[in-house]
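Student: Sharing query24.pdb here; it has PDB, C-alpha atoms.
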ATOM      1  CA  MET N   3       0.000   0.000   0.000
ATOM      2  CA  MET N   4       1.353   3.417  -0.971
ATOM      3  CA  VAL N   5       1.215   6.055   1.722
ATOM      4  CA  ASN N   6       1.524   9.715   0.853
ATOM      5  CA  ALA N   7       4.479  11.237   2.599
ATOM      6  CA  PRO N   8       3.554  14.008   5.045
ATOM      7  CA  VAL N   9       4.355  17.536   3.987
ATOM      8  CA  SER N  10       7.386  18.794   5.820
ATOM      9  CA  ALA N  11       6.519  21.447   8.368
ATOM     10  CA  ALA N  12       9.768  23.171   7.492
ATOM     11  CA  ALA N  13       8.642  23.531   3.887
ATOM     12  CA  GLU N  14       5.606  25.522   5.046
ATOM     13  CA  THR N  15       7.518  27.726   7.445
ATOM     14  CA  VAL N  16       8.376  31.278   6.437
ATOM     15  CA  ASP N  17      11.886  32.329   7.394
ATOM     16  CA  SER N  18      11.400  34.988  10.065
ATOM     17  CA  THR N  19      15.089  35.327  10.895
ATOM     18  CA  THR N  20      16.112  38.866  11.837
ATOM     19  CA  HIS N  21      18.959  40.282   9.785
ATOM     20  CA  TYR N  22      21.171  43.176  10.868
ATOM     21  CA  HIS N  23      22.402  45.748   8.361
ATOM     22  CA  THR N  24      24.167  49.084   8.215
ATOM     23  CA  VAL N  25      23.867  51.385   5.198
ATOM     24  CA  LYS N  26      25.034  54.911   4.541
ATOM     25  CA  ILE N  27      22.147  57.367   4.201
ATOM     26  CA  SER N  28      23.038  60.991   3.407
ATOM     27  CA  GLY N  29      26.582  60.348   4.571
ATOM     28  CA  VAL N  30      25.774  58.731   7.930
ATOM     29  CA  ASP N  31      25.784  55.047   8.846
ATOM     30  CA  VAL N  32      22.260  53.905   9.733
ATOM     31  CA  PHE N  33      21.757  50.500  11.337
ATOM     32  CA  TYR N  34      18.498  48.600  10.965
ATOM     33  CA  ARG N  35      16.947  45.249  11.761
ATOM     34  CA  GLU N  36      14.986  43.525   9.022
ATOM     35  CA  ALA N  37      12.923  40.353   8.852
ATOM     36  CA  GLY N  38      10.126  38.749   6.891
ATOM     37  CA  PRO N  39       9.317  38.201   3.200
ATOM     38  CA  ALA N  40      10.672  40.926   0.935
ATOM     39  CA  ASN N  41       7.389  41.150  -0.990
ATOM     40  CA  ALA N  42       5.144  41.292   2.091
ATOM     41  CA  PRO N  43       3.491  44.489   3.419
ATOM     42  CA  VAL N  44       6.012  46.630   5.266
ATOM     43  CA  VAL N  45       5.743  47.357   8.979
ATOM     44  CA  LEU N  46       8.128  50.114  10.059
ATOM     45  CA  LEU N  47       9.062  50.103  13.768
ATOM     46  CA  LEU N  48      10.231  53.459  15.155
ATOM     47  CA  HIS N  49      11.828  53.375  18.602
ATOM     48  CA  GLY N  50      11.849  55.783  21.497
ATOM     49  CA  PHE N  51      14.326  57.264  23.973
ATOM     50  CA  PRO N  52      16.694  56.088  25.409
ATOM     51  CA  THR N  53      16.717  52.824  23.504
ATOM     52  CA  SER N  54      16.953  51.697  19.866
ATOM     53  CA  SER N  55      15.530  49.006  17.596
ATOM     54  CA  HIS N  56      16.589  46.717  20.449
ATOM     55  CA  MET N  57      13.180  47.462  22.005
ATOM     56  CA  PHE N  58      11.557  45.528  19.141
ATOM     57  CA  ARG N  59      13.771  42.440  19.357
ATOM     58  CA  ASN N  60      10.860  40.268  20.583
ATOM     59  CA  LEU N  61       8.130  41.837  18.438
ATOM     60  CA  ILE N  62       9.979  41.462  15.125
ATOM     61  CA  PRO N  63       9.893  37.641  14.927
ATOM     62  CA  ALA N  64       6.250  37.675  16.055
ATOM     63  CA  LEU N  65       5.326  39.664  12.919
ATOM     64  CA  ALA N  66       7.871  38.489  10.373
ATOM     65  CA  ASP N  67       5.955  35.440   9.157
ATOM     66  CA  ARG N  68       3.477  37.714   7.311
ATOM     67  CA  TYR N  69       5.126  41.137   7.204
ATOM     68  CA  HIS N  70       8.343  42.724   6.015
ATOM     69  CA  VAL N  71       9.545  44.327   9.231
ATOM     70  CA  ILE N  72      12.081  47.186   9.239
ATOM     71  CA  ALA N  73      13.379  48.743  12.471
ATOM     72  CA  PRO N  74      16.102  51.417  12.206
ATOM     73  CA  ASP N  75      18.261  53.036  14.872
ATOM     74  CA  TYR N  76      18.409  56.828  14.681
ATOM     75  CA  PRO N  77      21.902  58.378  14.664
ATOM     76  CA  GLY N  78      23.092  58.687  18.243
ATOM     77  CA  PHE N  79      21.186  55.543  19.261
ATOM     78  CA  GLY N  80      21.892  51.839  19.133
ATOM     79  CA  GLU N  81      24.290  50.731  16.415
ATOM     80  CA  SER N  82      23.886  53.734  14.106
ATOM     81  CA  ALA N  83      26.684  56.280  13.870
ATOM     82  CA  ALA N  84      26.828  59.046  16.454
ATOM     83  CA  PRO N  85      28.546  62.033  14.825
ATOM     84  CA  ASP N  86      29.657  64.950  16.985
ATOM     85  CA  HIS N  87      26.647  67.089  17.811
ATOM     86  CA  THR N  88      28.436  70.235  16.614
ATOM     87  CA  LYS N  89      28.761  68.725  13.129
ATOM     88  CA  PHE N  90      25.448  66.910  12.764
ATOM     89  CA  ALA N  91      21.881  68.151  13.218
ATOM     90  CA  TYR N  92      20.200  66.024  15.869
ATOM     91  CA  THR N  93      16.652  67.021  15.032
ATOM     92  CA  PHE N  94      13.419  65.147  14.475
ATOM     93  CA  ALA N  95      13.129  66.627  10.981
ATOM     94  CA  HIS N  96      16.567  65.207  10.149
ATOM     95  CA  TYR N  97      15.638  61.822  11.576
ATOM     96  CA  ALA N  98      12.477  61.723   9.455
ATOM     97  CA  ASP N  99      14.524  62.532   6.358
ATOM     98  CA  LEU N 100      17.026  59.767   7.147
ATOM     99  CA  VAL N 101      14.296  57.175   7.743
ATOM    100  CA  ASP N 102      12.698  58.317   4.481
ATOM    101  CA  GLY N 103      16.045  57.798   2.740
ATOM    102  CA  LEU N 104      16.400  54.321   4.227
ATOM    103  CA  LEU N 105      12.918  53.328   3.084
ATOM    104  CA  GLY N 106      13.703  54.626  -0.381
ATOM    105  CA  ARG N 107      16.889  52.554  -0.442
ATOM    106  CA  LEU N 108      14.871  49.466   0.539
ATOM    107  CA  GLY N 109      12.093  50.139  -1.961
ATOM    108  CA  ALA N 110       9.433  50.473   0.733
ATOM    109  CA  ASN N 111       6.833  52.686  -0.924
ATOM    110  CA  ASN N 112       3.969  51.860   1.455
ATOM    111  CA  TYR N 113       4.167  50.988   5.125
ATOM    112  CA  ALA N 114       2.326  50.602   8.376
ATOM    113  CA  MET N 115       4.127  52.350  11.217
ATOM    114  CA  TYR N 116       4.548  51.397  14.868
ATOM    115  CA  VAL N 117       5.466  54.614  16.674
ATOM    116  CA  MET N 118       6.630  54.896  20.271
ATOM    117  CA  ASP N 119       7.933  57.923  22.205
ATOM    118  CA  TYR N 120      10.436  59.680  19.861
ATOM    119  CA  GLY N 121       9.148  57.416  17.116
ATOM    120  CA  ALA N 122       5.851  59.320  17.068
ATOM    121  CA  PRO N 123       7.199  62.683  15.851
ATOM    122  CA  VAL N 124       9.637  60.907  13.525
ATOM    123  CA  GLY N 125       6.813  58.833  12.047
ATOM    124  CA  TYR N 126       4.284  61.646  11.899
ATOM    125  CA  ARG N 127       6.785  63.941  10.172
ATOM    126  CA  LEU N 128       7.328  61.129   7.685
ATOM    127  CA  ALA N 129       3.546  60.888   7.249
ATOM    128  CA  LEU N 130       3.373  64.595   6.443
ATOM    129  CA  LYS N 131       6.025  64.087   3.763
ATOM    130  CA  HIS N 132       4.261  61.082   2.204
ATOM    131  CA  PRO N 133       0.694  60.829   3.519
ATOM    132  CA  GLU N 134      -0.323  58.446   0.748
ATOM    133  CA  ARG N 135       2.238  55.867   1.828
ATOM    134  CA  VAL N 136       0.938  55.229   5.350
ATOM    135  CA  THR N 137      -1.252  52.114   5.409
ATOM    136  CA  ALA N 138      -1.873  51.975   9.179
ATOM    137  CA  LEU N 139      -0.605  53.281  12.517
ATOM    138  CA  ILE N 140       0.139  51.446  15.753
ATOM    139  CA  VAL N 141       0.670  53.950  18.564
ATOM    140  CA  GLN N 142       2.341  52.965  21.829
ATOM    141  CA  ASN N 143       2.992  55.813  24.263
ATOM    142  CA  GLY N 144       3.651  58.228  21.424
ATOM    143  CA  ASN N 145       2.253  61.735  21.780
ATOM    144  CA  ALA N 146       0.559  64.079  19.306
ATOM    145  CA  TYR N 147      -1.549  66.187  21.690
ATOM    146  CA  GLU N 148      -0.638  68.876  24.208
ATOM    147  CA  GLU N 149      -2.778  67.088  26.824
ATOM    148  CA  GLY N 150      -0.093  64.389  26.840
ATOM    149  CA  LEU N 151       2.722  66.687  27.993
ATOM    150  CA  LYS N 152       2.243  66.680  31.783
ATOM    151  CA  GLU N 153       4.473  67.499  34.790
ATOM    152  CA  PHE N 154       7.384  65.351  33.632
ATOM    153  CA  TRP N 155       7.893  67.820  30.774
ATOM    154  CA  ASP N 156       8.059  71.012  32.854
ATOM    155  CA  PRO N 157      11.885  71.225  33.063
ATOM    156  CA  ILE N 158      12.133  70.353  29.373
ATOM    157  CA  LYS N 159       9.604  73.069  28.499
ATOM    158  CA  ALA N 160      11.749  75.534  30.461
ATOM    159  CA  TYR N 161      14.667  74.614  28.189
ATOM    160  CA  TRP N 162      12.473  75.061  25.111
ATOM    161  CA  ALA N 163      11.553  78.531  26.314
ATOM    162  CA  ASP N 164      15.033  80.024  26.557
ATOM    163  CA  GLY N 165      17.599  77.430  25.421
ATOM    164  CA  SER N 166      19.805  78.518  28.306
ATOM    165  CA  ALA N 167      22.903  76.657  29.442
ATOM    166  CA  ALA N 168      21.426  76.434  32.927
ATOM    167  CA  HIS N 169      18.236  74.761  31.747
ATOM    168  CA  ARG N 170      20.251  72.487  29.459
ATOM    169  CA  LYS N 171      22.477  71.389  32.342
ATOM    170  CA  ALA N 172      19.426  70.794  34.532
ATOM    171  CA  LEU N 173      18.292  68.062  32.136
ATOM    172  CA  SER N 174      21.463  66.008  32.558
ATOM    173  CA  PHE N 175      19.658  63.791  35.102
ATOM    174  CA  LEU N 176      17.581  62.365  32.230
ATOM    175  CA  VAL N 177      20.551  60.349  30.949
ATOM    176  CA  THR N 178      21.579  58.896  34.329
ATOM    177  CA  PRO N 179      21.340  55.184  35.209
ATOM    178  CA  ALA N 180      18.542  55.796  37.725
ATOM    179  CA  ILE N 181      16.273  57.431  35.135
ATOM    180  CA  THR N 182      17.092  54.849  32.486
ATOM    181  CA  LYS N 183      16.050  52.063  34.869
ATOM    182  CA  PHE N 184      12.991  54.083  35.959
ATOM    183  CA  GLN N 185      11.723  54.171  32.380
ATOM    184  CA  TYR N 186      11.612  50.378  32.291
ATOM    185  CA  THR N 187      10.336  49.654  35.788
ATOM    186  CA  ASP N 188       8.012  52.479  36.841
ATOM    187  CA  GLY N 189       4.355  51.567  36.558
ATOM    188  CA  VAL N 190       5.091  47.855  36.117
ATOM    189  CA  ALA N 191       3.192  45.552  38.490
ATOM    190  CA  ASP N 192       5.709  42.701  38.323
ATOM    191  CA  VAL N 193       9.231  44.021  37.777
ATOM    192  CA  SER N 194      10.527  40.433  37.633
ATOM    193  CA  ARG N 195       9.122  40.364  34.077
ATOM    194  CA  ILE N 196      11.560  43.112  33.001
ATOM    195  CA  ASP N 197      14.979  42.032  31.775
ATOM    196  CA  PRO N 198      17.621  44.221  33.506
ATOM    197  CA  ASP N 199      19.756  43.916  30.377
ATOM    198  CA  ASN N 200      17.475  46.631  28.966
ATOM    199  CA  TRP N 201      18.754  49.495  31.070
ATOM    200  CA  GLY N 202      22.250  48.041  31.111
ATOM    201  CA  HIS N 203      22.288  47.995  27.303
ATOM    202  CA  ASP N 204      20.879  51.511  26.968
ATOM    203  CA  GLN N 205      23.074  53.087  29.609
ATOM    204  CA  VAL N 206      26.316  51.898  28.038
ATOM    205  CA  LEU N 207      25.307  53.702  24.845
ATOM    206  CA  LEU N 208      24.142  56.833  26.672
ATOM    207  CA  ASP N 209      27.514  56.953  28.468
ATOM    208  CA  ARG N 210      29.532  57.086  25.243
ATOM    209  CA  PRO N 211      31.673  60.235  24.992
ATOM    210  CA  GLY N 212      29.605  63.044  23.531
ATOM    211  CA  ASN N 213      26.284  61.226  23.721
ATOM    212  CA  LYS N 214      24.880  63.350  26.537
ATOM    213  CA  ASP N 215      25.112  66.408  24.308
ATOM    214  CA  ILE N 216      23.332  64.517  21.537
ATOM    215  CA  GLN N 217      20.472  63.740  23.900
ATOM    216  CA  LEU N 218      20.336  67.298  25.237
ATOM    217  CA  ASP N 219      20.111  68.600  21.663
ATOM    218  CA  LEU N 220      17.185  66.263  21.071
ATOM    219  CA  PHE N 221      15.430  67.316  24.288
ATOM    220  CA  HIS N 222      15.545  70.874  22.996
ATOM    221  CA  ASP N 223      14.430  69.970  19.493
ATOM    222  CA  TYR N 224      11.472  67.974  20.788
ATOM    223  CA  GLY N 225       9.874  71.369  21.267
ATOM    224  CA  SER N 226       9.792  71.763  17.477
ATOM    225  CA  ASN N 227       7.274  68.917  17.302
ATOM    226  CA  VAL N 228       4.612  70.641  19.387
ATOM    227  CA  PRO N 229       3.752  73.325  16.776
ATOM    228  CA  LEU N 230       3.267  70.468  14.305
ATOM    229  CA  TYR N 231       0.635  68.747  16.450
ATOM    230  CA  PRO N 232      -2.235  70.467  14.546
ATOM    231  CA  LYS N 233      -0.745  69.206  11.268
ATOM    232  CA  PHE N 234      -0.383  65.690  12.661
ATOM    233  CA  GLN N 235      -3.991  65.827  13.803
ATOM    234  CA  ALA N 236      -5.142  67.120  10.408
ATOM    235  CA  PHE N 237      -3.354  64.153   8.817
ATOM    236  CA  PHE N 238      -5.354  61.798  11.040
ATOM    237  CA  ARG N 239      -8.656  63.479  10.162
ATOM    238  CA  GLU N 240      -8.030  63.841   6.453
ATOM    239  CA  ARG N 241      -6.308  60.553   5.649
ATOM    240  CA  LYS N 242      -8.121  58.449   8.267
ATOM    241  CA  PRO N 243      -5.376  55.814   8.609
ATOM    242  CA  PRO N 244      -6.435  52.691  10.527
ATOM    243  CA  MET N 245      -5.055  53.132  14.039
ATOM    244  CA  LEU N 246      -4.418  50.772  16.928
ATOM    245  CA  ILE N 247      -3.469  52.393  20.241
ATOM    246  CA  VAL N 248      -1.758  50.069  22.746
ATOM    247  CA  TRP N 249      -0.684  52.328  25.591
ATOM    248  CA  GLY N 250       0.977  51.694  28.942
ATOM    249  CA  LYS N 251      -1.450  53.672  31.109
ATOM    250  CA  ASN N 252       0.928  54.035  34.081
ATOM    251  CA  ASP N 253       3.583  55.878  32.073
ATOM    252  CA  LYS N 254       4.606  59.186  33.717
ATOM    253  CA  ILE N 255       6.502  60.368  30.619
ATOM    254  CA  PHE N 256       3.702  59.916  28.103
ATOM    255  CA  PRO N 257       0.668  59.345  30.323
ATOM    256  CA  ALA N 258      -2.694  58.066  29.183
ATOM    257  CA  ASP N 259      -3.873  61.699  28.943
ATOM    258  CA  GLY N 260      -2.240  61.631  25.504
ATOM    259  CA  ALA N 261      -3.974  58.461  24.328
ATOM    260  CA  GLY N 262      -7.649  59.414  24.444
ATOM    261  CA  PRO N 263      -7.363  62.588  22.330
ATOM    262  CA  TYR N 264      -6.530  60.500  19.251
ATOM    263  CA  LEU N 265     -10.188  59.466  19.248
ATOM    264  CA  ARG N 266     -11.233  63.070  18.611
ATOM    265  CA  ASP N 267      -9.589  62.932  15.213
ATOM    266  CA  LEU N 268      -9.976  59.210  14.548
ATOM    267  CA  PRO N 269     -13.180  58.035  16.256
ATOM    268  CA  GLY N 270     -12.675  54.593  14.738
ATOM    269  CA  ALA N 271      -9.249  54.095  16.333
ATOM    270  CA  GLU N 272      -8.949  51.011  18.536
ATOM    271  CA  LEU N 273      -7.772  51.980  22.034
ATOM    272  CA  HIS N 274      -6.326  49.572  24.593
ATOM    273  CA  LEU N 275      -4.921  50.930  27.868
ATOM    274  CA  LEU N 276      -2.554  48.372  29.349
ATOM    275  CA  ASP N 277      -1.627  48.040  33.017
ATOM    276  CA  THR N 278       2.048  48.842  32.557
ATOM    277  CA  GLY N 279       4.492  51.701  32.077
ATOM    278  CA  HIS N 280       6.602  53.331  29.382
ATOM    279  CA  PHE N 281       8.096  50.276  27.654
ATOM    280  CA  ALA N 282       4.940  48.209  27.421
ATOM    281  CA  LEU N 283       6.443  45.573  25.123
ATOM    282  CA  GLU N 284       8.756  44.420  27.892
ATOM    283  CA  ASP N 285       6.057  42.946  30.126
ATOM    284  CA  LYS N 286       2.905  42.963  27.977
ATOM    285  CA  LEU N 287       4.213  41.368  24.778
ATOM    286  CA  ASP N 288       1.869  38.414  25.288
ATOM    287  CA  GLU N 289      -1.131  40.783  25.289
ATOM    288  CA  MET N 290       0.131  43.126  22.585
ATOM    289  CA  VAL N 291       1.143  40.652  19.894
ATOM    290  CA  PRO N 292      -2.379  39.223  19.414
ATOM    291  CA  LEU N 293      -3.820  42.752  19.274
ATOM    292  CA  ILE N 294      -1.205  43.912  16.783
ATOM    293  CA  ARG N 295      -1.439  40.857  14.552
ATOM    294  CA  ASP N 296      -5.222  40.943  14.512
ATOM    295  CA  PHE N 297      -5.184  44.650  13.654
ATOM    296  CA  LEU N 298      -2.641  44.288  10.852
ATOM    297  CA  ASP N 299      -4.365  41.219   9.430
ATOM    298  CA  ARG N 300      -7.665  43.130   9.277
ATOM    299  CA  LYS N 301      -6.387  46.496   8.104
ATOM    300  CA  VAL N 302      -3.333  45.796   5.967
ATOM    301  CA  VAL N 303      -3.622  43.635   2.861
ATOM    302  CA  THR N 304      -1.260  40.659   3.001
ATOM    303  CA  ASN N 305       0.004  38.462   0.210
TER     304      ASN N 305
END
Would you mind writing the file out in structure tokens?

Tutor:
Amino acid sequence: MMVNAPVSAAAETVDSTTHYHTVKISGVDVFYREAGPANAPVVLLLHGFPTSSHMFRNLIPALADRYHVIAPDYPGFGESAAPDHTKFAYTFAHYADLVDGLLGRLGANNYAMYVMDYGAPVGYRLALKHPERVTALIVQNGNAYEEGLKEFWDPIKAYWADGSAAHRKALSFLVTPAITKFQYTDGVADVSRIDPDNWGHDQVLLDRPGNKDIQLDLFHDYGSNVPLYPKFQAFFRERKPPMLIVWGKNDKIFPADGAGPYLRDLPGAELHLLDTGHFALEDKLDEMVPLIRDFLDRKVVTN
């Protein structure tokens, strides 16, 4: 009797291996992580402060079976170059241009974006440049409304107001080990779920010679995003991108006050407030992955 041989499971498995690349964009080395089928819909992951694409290390393989995932490091973060701040413009406009250049190099003409913290103004500036390219938005503790800038931002707003050396120096505490750890642990019910390698990894990079000045430049330039909030909001209203909001509600940096206002401009956005802090992926990955995959599978056409 002839028995049909079973189909090999390996033959049906999509290679979701993460690959690590560095390319020169506008004269600066930009590092990025990439995984998933080259012809699949693109999901662009944009990291926050003080980390890098490292924050997406667990999310990438969870999406790469169906999506082409791209996660860059901005200059001054992670494995990208960190030119001297007196010779390189550390601004959110510059970051958006560099990410745009990377996507052009990779042939990514349409993309869903996951934006977190600094990734929000980078991604939304990119959306203003190419509104027709944005297929969907996943927002995790990424602000676009003045209601989301609470007490934590007061000393930073003082620096925006006058750019003084005194106010700049006063922000140095934001790159210290205690604050780096705080960003991962504050608001988390079970800190044993948070890998301490996170703040160890980030702090080593923050402590590189010259990096504090890079971060202080960015703290000042963050103020340039606030006048663009009405334009970001107009983009939401006019283009109506599908939006999933997965927000750590205990975050003191970008509190939940900044999550709800998205619904004013996108009433159809899907909002989930999670019982965690700033880096929600670190302890709520098991809750977030099903939400993200379901959202992308419904809203983004897959091959």

Student: Decode the PyMOL selection byres ((chain N and resi 128-139) around 6) for the given file into explicit residues and return them as a short mmCIF file (atom, residue, chain, number, x, y, z; two decimals) with C-alpha atoms, keeping the file's coordinate frame.

Tutor:
data_model
loop_
_atom_site.label_atom_id
_atom_site.label_comp_id
_atom_site.auth_asym_id
_atom_site.auth_seq_id
_atom_site.Cartn_x
_atom_site.Cartn_y
_atom_site.Cartn_z
CA ALA N 98 12.48 61.72 9.46
CA ASN N 112 3.97 51.86 1.46
CA TYR N 113 4.17 50.99 5.12
CA ALA N 114 2.33 50.60 8.38
CA MET N 115 4.13 52.35 11.22
CA TYR N 116 4.55 51.40 14.87
CA GLY N 125 6.81 58.83 12.05
CA TYR N 126 4.28 61.65 11.90
CA ARG N 127 6.78 63.94 10.17
CA ILE N 140 0.14 51.45 15.75
CA PRO N 243 -5.38 55.81 8.61
CA PRO N 244 -6.44 52.69 10.53
CA MET N 245 -5.06 53.13 14.04
#

Student: Determine the residue set returned by the PyMOL selection byres ((chain N and resi 158-172) around 12) for the present structure, and present it as a short mmCIF file (atom, residue, chain, number, x, y, z; two decimals) with C-alpha atoms, in the coordinates of the input.

Tutor:
data_model
loop_
_atom_site.label_atom_id
_atom_site.label_comp_id
_atom_site.auth_asym_id
_atom_site.auth_seq_id
_atom_site.Cartn_x
_atom_site.Cartn_y
_atom_site.Cartn_z
CA GLU N 148 -0.64 68.88 24.21
CA LEU N 151 2.72 66.69 27.99
CA LYS N 152 2.24 66.68 31.78
CA GLU N 153 4.47 67.50 34.79
CA PHE N 154 7.38 65.35 33.63
CA TRP N 155 7.89 67.82 30.77
CA ASP N 156 8.06 71.01 32.85
CA PRO N 157 11.88 71.22 33.06
CA LEU N 173 18.29 68.06 32.14
CA SER N 174 21.46 66.01 32.56
CA PHE N 175 19.66 63.79 35.10
CA LEU N 176 17.58 62.36 32.23
CA VAL N 177 20.55 60.35 30.95
CA LYS N 214 24.88 63.35 26.54
CA ASP N 215 25.11 66.41 24.31
CA ILE N 216 23.33 64.52 21.54
CA GLN N 217 20.47 63.74 23.90
CA LEU N 218 20.34 67.30 25.24
CA ASP N 219 20.11 68.60 21.66
CA LEU N 220 17.18 66.26 21.07
CA PHE N 221 15.43 67.32 24.29
CA HIS N 222 15.54 70.87 23.00
CA ASP N 223 14.43 69.97 19.49
CA TYR N 224 11.47 67.97 20.79
CA GLY N 225 9.87 71.37 21.27
CA SER N 226 9.79 71.76 17.48
CA ASN N 227 7.27 68.92 17.30
CA VAL N 228 4.61 70.64 19.39
CA ILE N 255 6.50 60.37 30.62
#

Student: Tell me which protein, DNA and RNA residues are within 10 Å of N:Asn252, counting only C-alpha atoms, leaving out same-chain ones fewer than 2 positions away, and put them as a ChimeraX atom specification.

Tutor: /N:188-191,249-250,254-258,275-280,282

Student: Please expand the PyMOL selection byres ((chain N and resi 182) around 9) into the concrete residues it hits in this file, giving the result as a compact mmCIF listing (two decimals) with C-alpha atoms, in the frame of the given file.

Tutor:
# COMPACT_ATOMS: atom_id res chain seq x y z
CA PRO N 52 16.69 56.09 25.41
CA LEU N 176 17.58 62.36 32.23
CA VAL N 177 20.55 60.35 30.95
CA THR N 178 21.58 58.90 34.33
CA PRO N 179 21.34 55.18 35.21
CA ALA N 180 18.54 55.80 37.72
CA ILE N 181 16.27 57.43 35.14
CA LYS N 183 16.05 52.06 34.87
CA PHE N 184 12.99 54.08 35.96
CA GLN N 185 11.72 54.17 32.38
CA TYR N 186 11.61 50.38 32.29
CA ASN N 200 17.48 46.63 28.97
CA TRP N 201 18.75 49.50 31.07
CA GLY N 202 22.25 48.04 31.11
CA ASP N 204 20.88 51.51 26.97
CA GLN N 205 23.07 53.09 29.61

Student: Separation of atom CA of N:Val32 and atom CA of N:Glu81, in Å?

Tutor: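 According to the coordinates, atom CA of N:Val32 and atom CA of N:Glu81 are separated by 7.7 Å.
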
Student: Please define a box with edges along x, y and z of the file around all atoms of stretch 246-255 of chain N given in the file, extend it by 3 Å on each side, and return its centre and edge lengths in Å to one decimal, as AutoDock Vina command-line options.

Tutor:
--center_x 1.0 --center_y 55.2 --center_z 25.5 --size_x 16.9 --size_y 16.3 --size_z 23.2

Student: Got a sec: who's within 9 Å of N:Gly121, counting only C-alpha atoms, leaving out chain neighbours fewer than 5 positions off, as a PyMOL selection string?

Tutor: chain N and resi 47-51+116+126+144

Student: I'd like a table as a tab-separated table: residues in stretch 56-165 of chain N with an atom no more than 7 Å from stretch 17-24 of chain N, each row giving the shortest atom pair and its distance in Å to one decimal, only C-alpha atoms counted, sorted by chain and rising residue number.

Tutor:
residue	atom	partner	partner_atom	distance
N:Pro63	CA	N:Ser18	CA	5.7
N:Ala66	CA	N:Ser18	CA	5.0
N:Asp67	CA	N:Ser18	CA	5.5

Student: Name the residues in contact with N:Gly212 at a cut-off of 9 Å, using all atoms listed in the file, excluding same-chain residues fewer than 2 positions from it; report them as number ranges by chain.

Tutor: N: 84-87, 208-210, 214-216

Student: Rounded to one decimal in Å, what is the spacing between atom CA of N:Glu36 and atom CA of N:Thr93?

Tutor: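 The value is 24.3 Å.
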
Student: Would you mind listing what lies within 9 Å of N:Ser28 as a list in words, with only C-alpha atoms counted and same-chain residues fewer than 3 positions away left out?

Tutor: Asp31, Leu100 and Gly103 of chain N

Student: Could you write those residues out with C-alpha atoms, as a PDB file, in the coordinates of the input?

Tutor:
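As written to disk, part29.pdb reads:
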ATOM      1  CA  ASP N  31      25.784  55.047   8.846  1.00  0.00           C
ATOM      2  CA  LEU N 100      17.026  59.767   7.147  1.00  0.00           C
ATOM      3  CA  GLY N 103      16.045  57.798   2.740  1.00  0.00           C
TER       4      GLY N 103
END

Student: Any idea what the distance is between atom CA of N:His96 and atom CA of N:Leu61?

Tutor: 26.2 Å

Student: Tell me which of N:Leu207, N:Ala83, N:Val117, N:Val45 sits closest to N:Leu298, counting only C-alpha atoms.

Tutor: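 Smallest separation from N:Leu298 among the options: N:Val45.
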
Student: Could you check the closest approach to N:Tyr76 for each of N:Tyr120, N:Phe237, N:Phe297, N:Tyr264 and tell me which residue wins, using only C-alpha atoms?

Tutor: N:Tyr120

Student: Pick out the closest residue to N:Leu246 from this set: N:Asp267, N:Asp288, N:Asp296, N:Asp197. Count all atoms listed in the file.

Tutor: N:Asp296

Student: Please provide the set of residues having any atom within 9 Å of N:Gln235, restricted to all atoms listed in the file, with same-chain residues fewer than 5 positions apart removed, written as an mmCIF file with C-alpha atoms, in the frame of the given file.

Tutor:
data_model
loop_
_atom_site.group_PDB
_atom_site.id
_atom_site.type_symbol
_atom_site.label_atom_id
_atom_site.label_comp_id
_atom_site.auth_asym_id
_atom_site.auth_seq_id
_atom_site.Cartn_x
_atom_site.Cartn_y
_atom_site.Cartn_z
ATOM 1 C CA ALA N 146 0.559 64.079 19.306
ATOM 2 C CA TYR N 147 -1.549 66.187 21.690
ATOM 3 C CA LEU N 230 3.267 70.468 14.305
ATOM 4 C CA GLU N 240 -8.030 63.841 6.453
ATOM 5 C CA TYR N 264 -6.530 60.500 19.251
ATOM 6 C CA ASP N 267 -9.589 62.932 15.213
ATOM 7 C CA LEU N 268 -9.976 59.210 14.548
#

Student: Between N:Pro211, N:His203, N:Pro123, N:Leu265, which one has atoms that come closest to N:Asp99, using all atoms listed in the file?

Tutor: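 Among the listed residues, N:Pro123 lies closest to N:Asp99.
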
Student: Please return stretch 194-200 of chain N, rebuilt to N, CA and C atoms, as a PDB file, in the coordinates of the input.

Tutor:
ATOM      1  N   SER N 194       9.758  41.633  37.971  1.00  0.00           N
ATOM      2  CA  SER N 194      10.527  40.433  37.633  1.00  0.00           C
ATOM      3  C   SER N 194      10.337  40.044  36.163  1.00  0.00           C
ATOM      4  N   ARG N 195       9.340  40.626  35.506  1.00  0.00           N
ATOM      5  CA  ARG N 195       9.122  40.364  34.077  1.00  0.00           C
ATOM      6  C   ARG N 195      10.020  41.227  33.188  1.00  0.00           C
ATOM      7  N   ILE N 196      10.747  42.174  33.777  1.00  0.00           N
ATOM      8  CA  ILE N 196      11.560  43.112  33.001  1.00  0.00           C
ATOM      9  C   ILE N 196      13.022  42.685  33.047  1.00  0.00           C
ATOM     10  N   ASP N 197      13.581  42.447  31.886  1.00  0.00           N
ATOM     11  CA  ASP N 197      14.979  42.032  31.775  1.00  0.00           C
ATOM     12  C   ASP N 197      15.892  43.213  32.110  1.00  0.00           C
ATOM     13  N   PRO N 198      16.726  43.109  33.155  1.00  0.00           N
ATOM     14  CA  PRO N 198      17.621  44.221  33.506  1.00  0.00           C
ATOM     15  C   PRO N 198      18.658  44.528  32.436  1.00  0.00           C
ATOM     16  N   ASP N 199      18.854  43.613  31.487  1.00  0.00           N
ATOM     17  CA  ASP N 199      19.756  43.916  30.377  1.00  0.00           C
ATOM     18  C   ASP N 199      19.288  45.142  29.600  1.00  0.00           C
ATOM     19  N   ASN N 200      17.994  45.472  29.687  1.00  0.00           N
ATOM     20  CA  ASN N 200      17.475  46.631  28.966  1.00  0.00           C
ATOM     21  C   ASN N 200      18.189  47.910  29.367  1.00  0.00           C
TER      22      ASN N 200
END
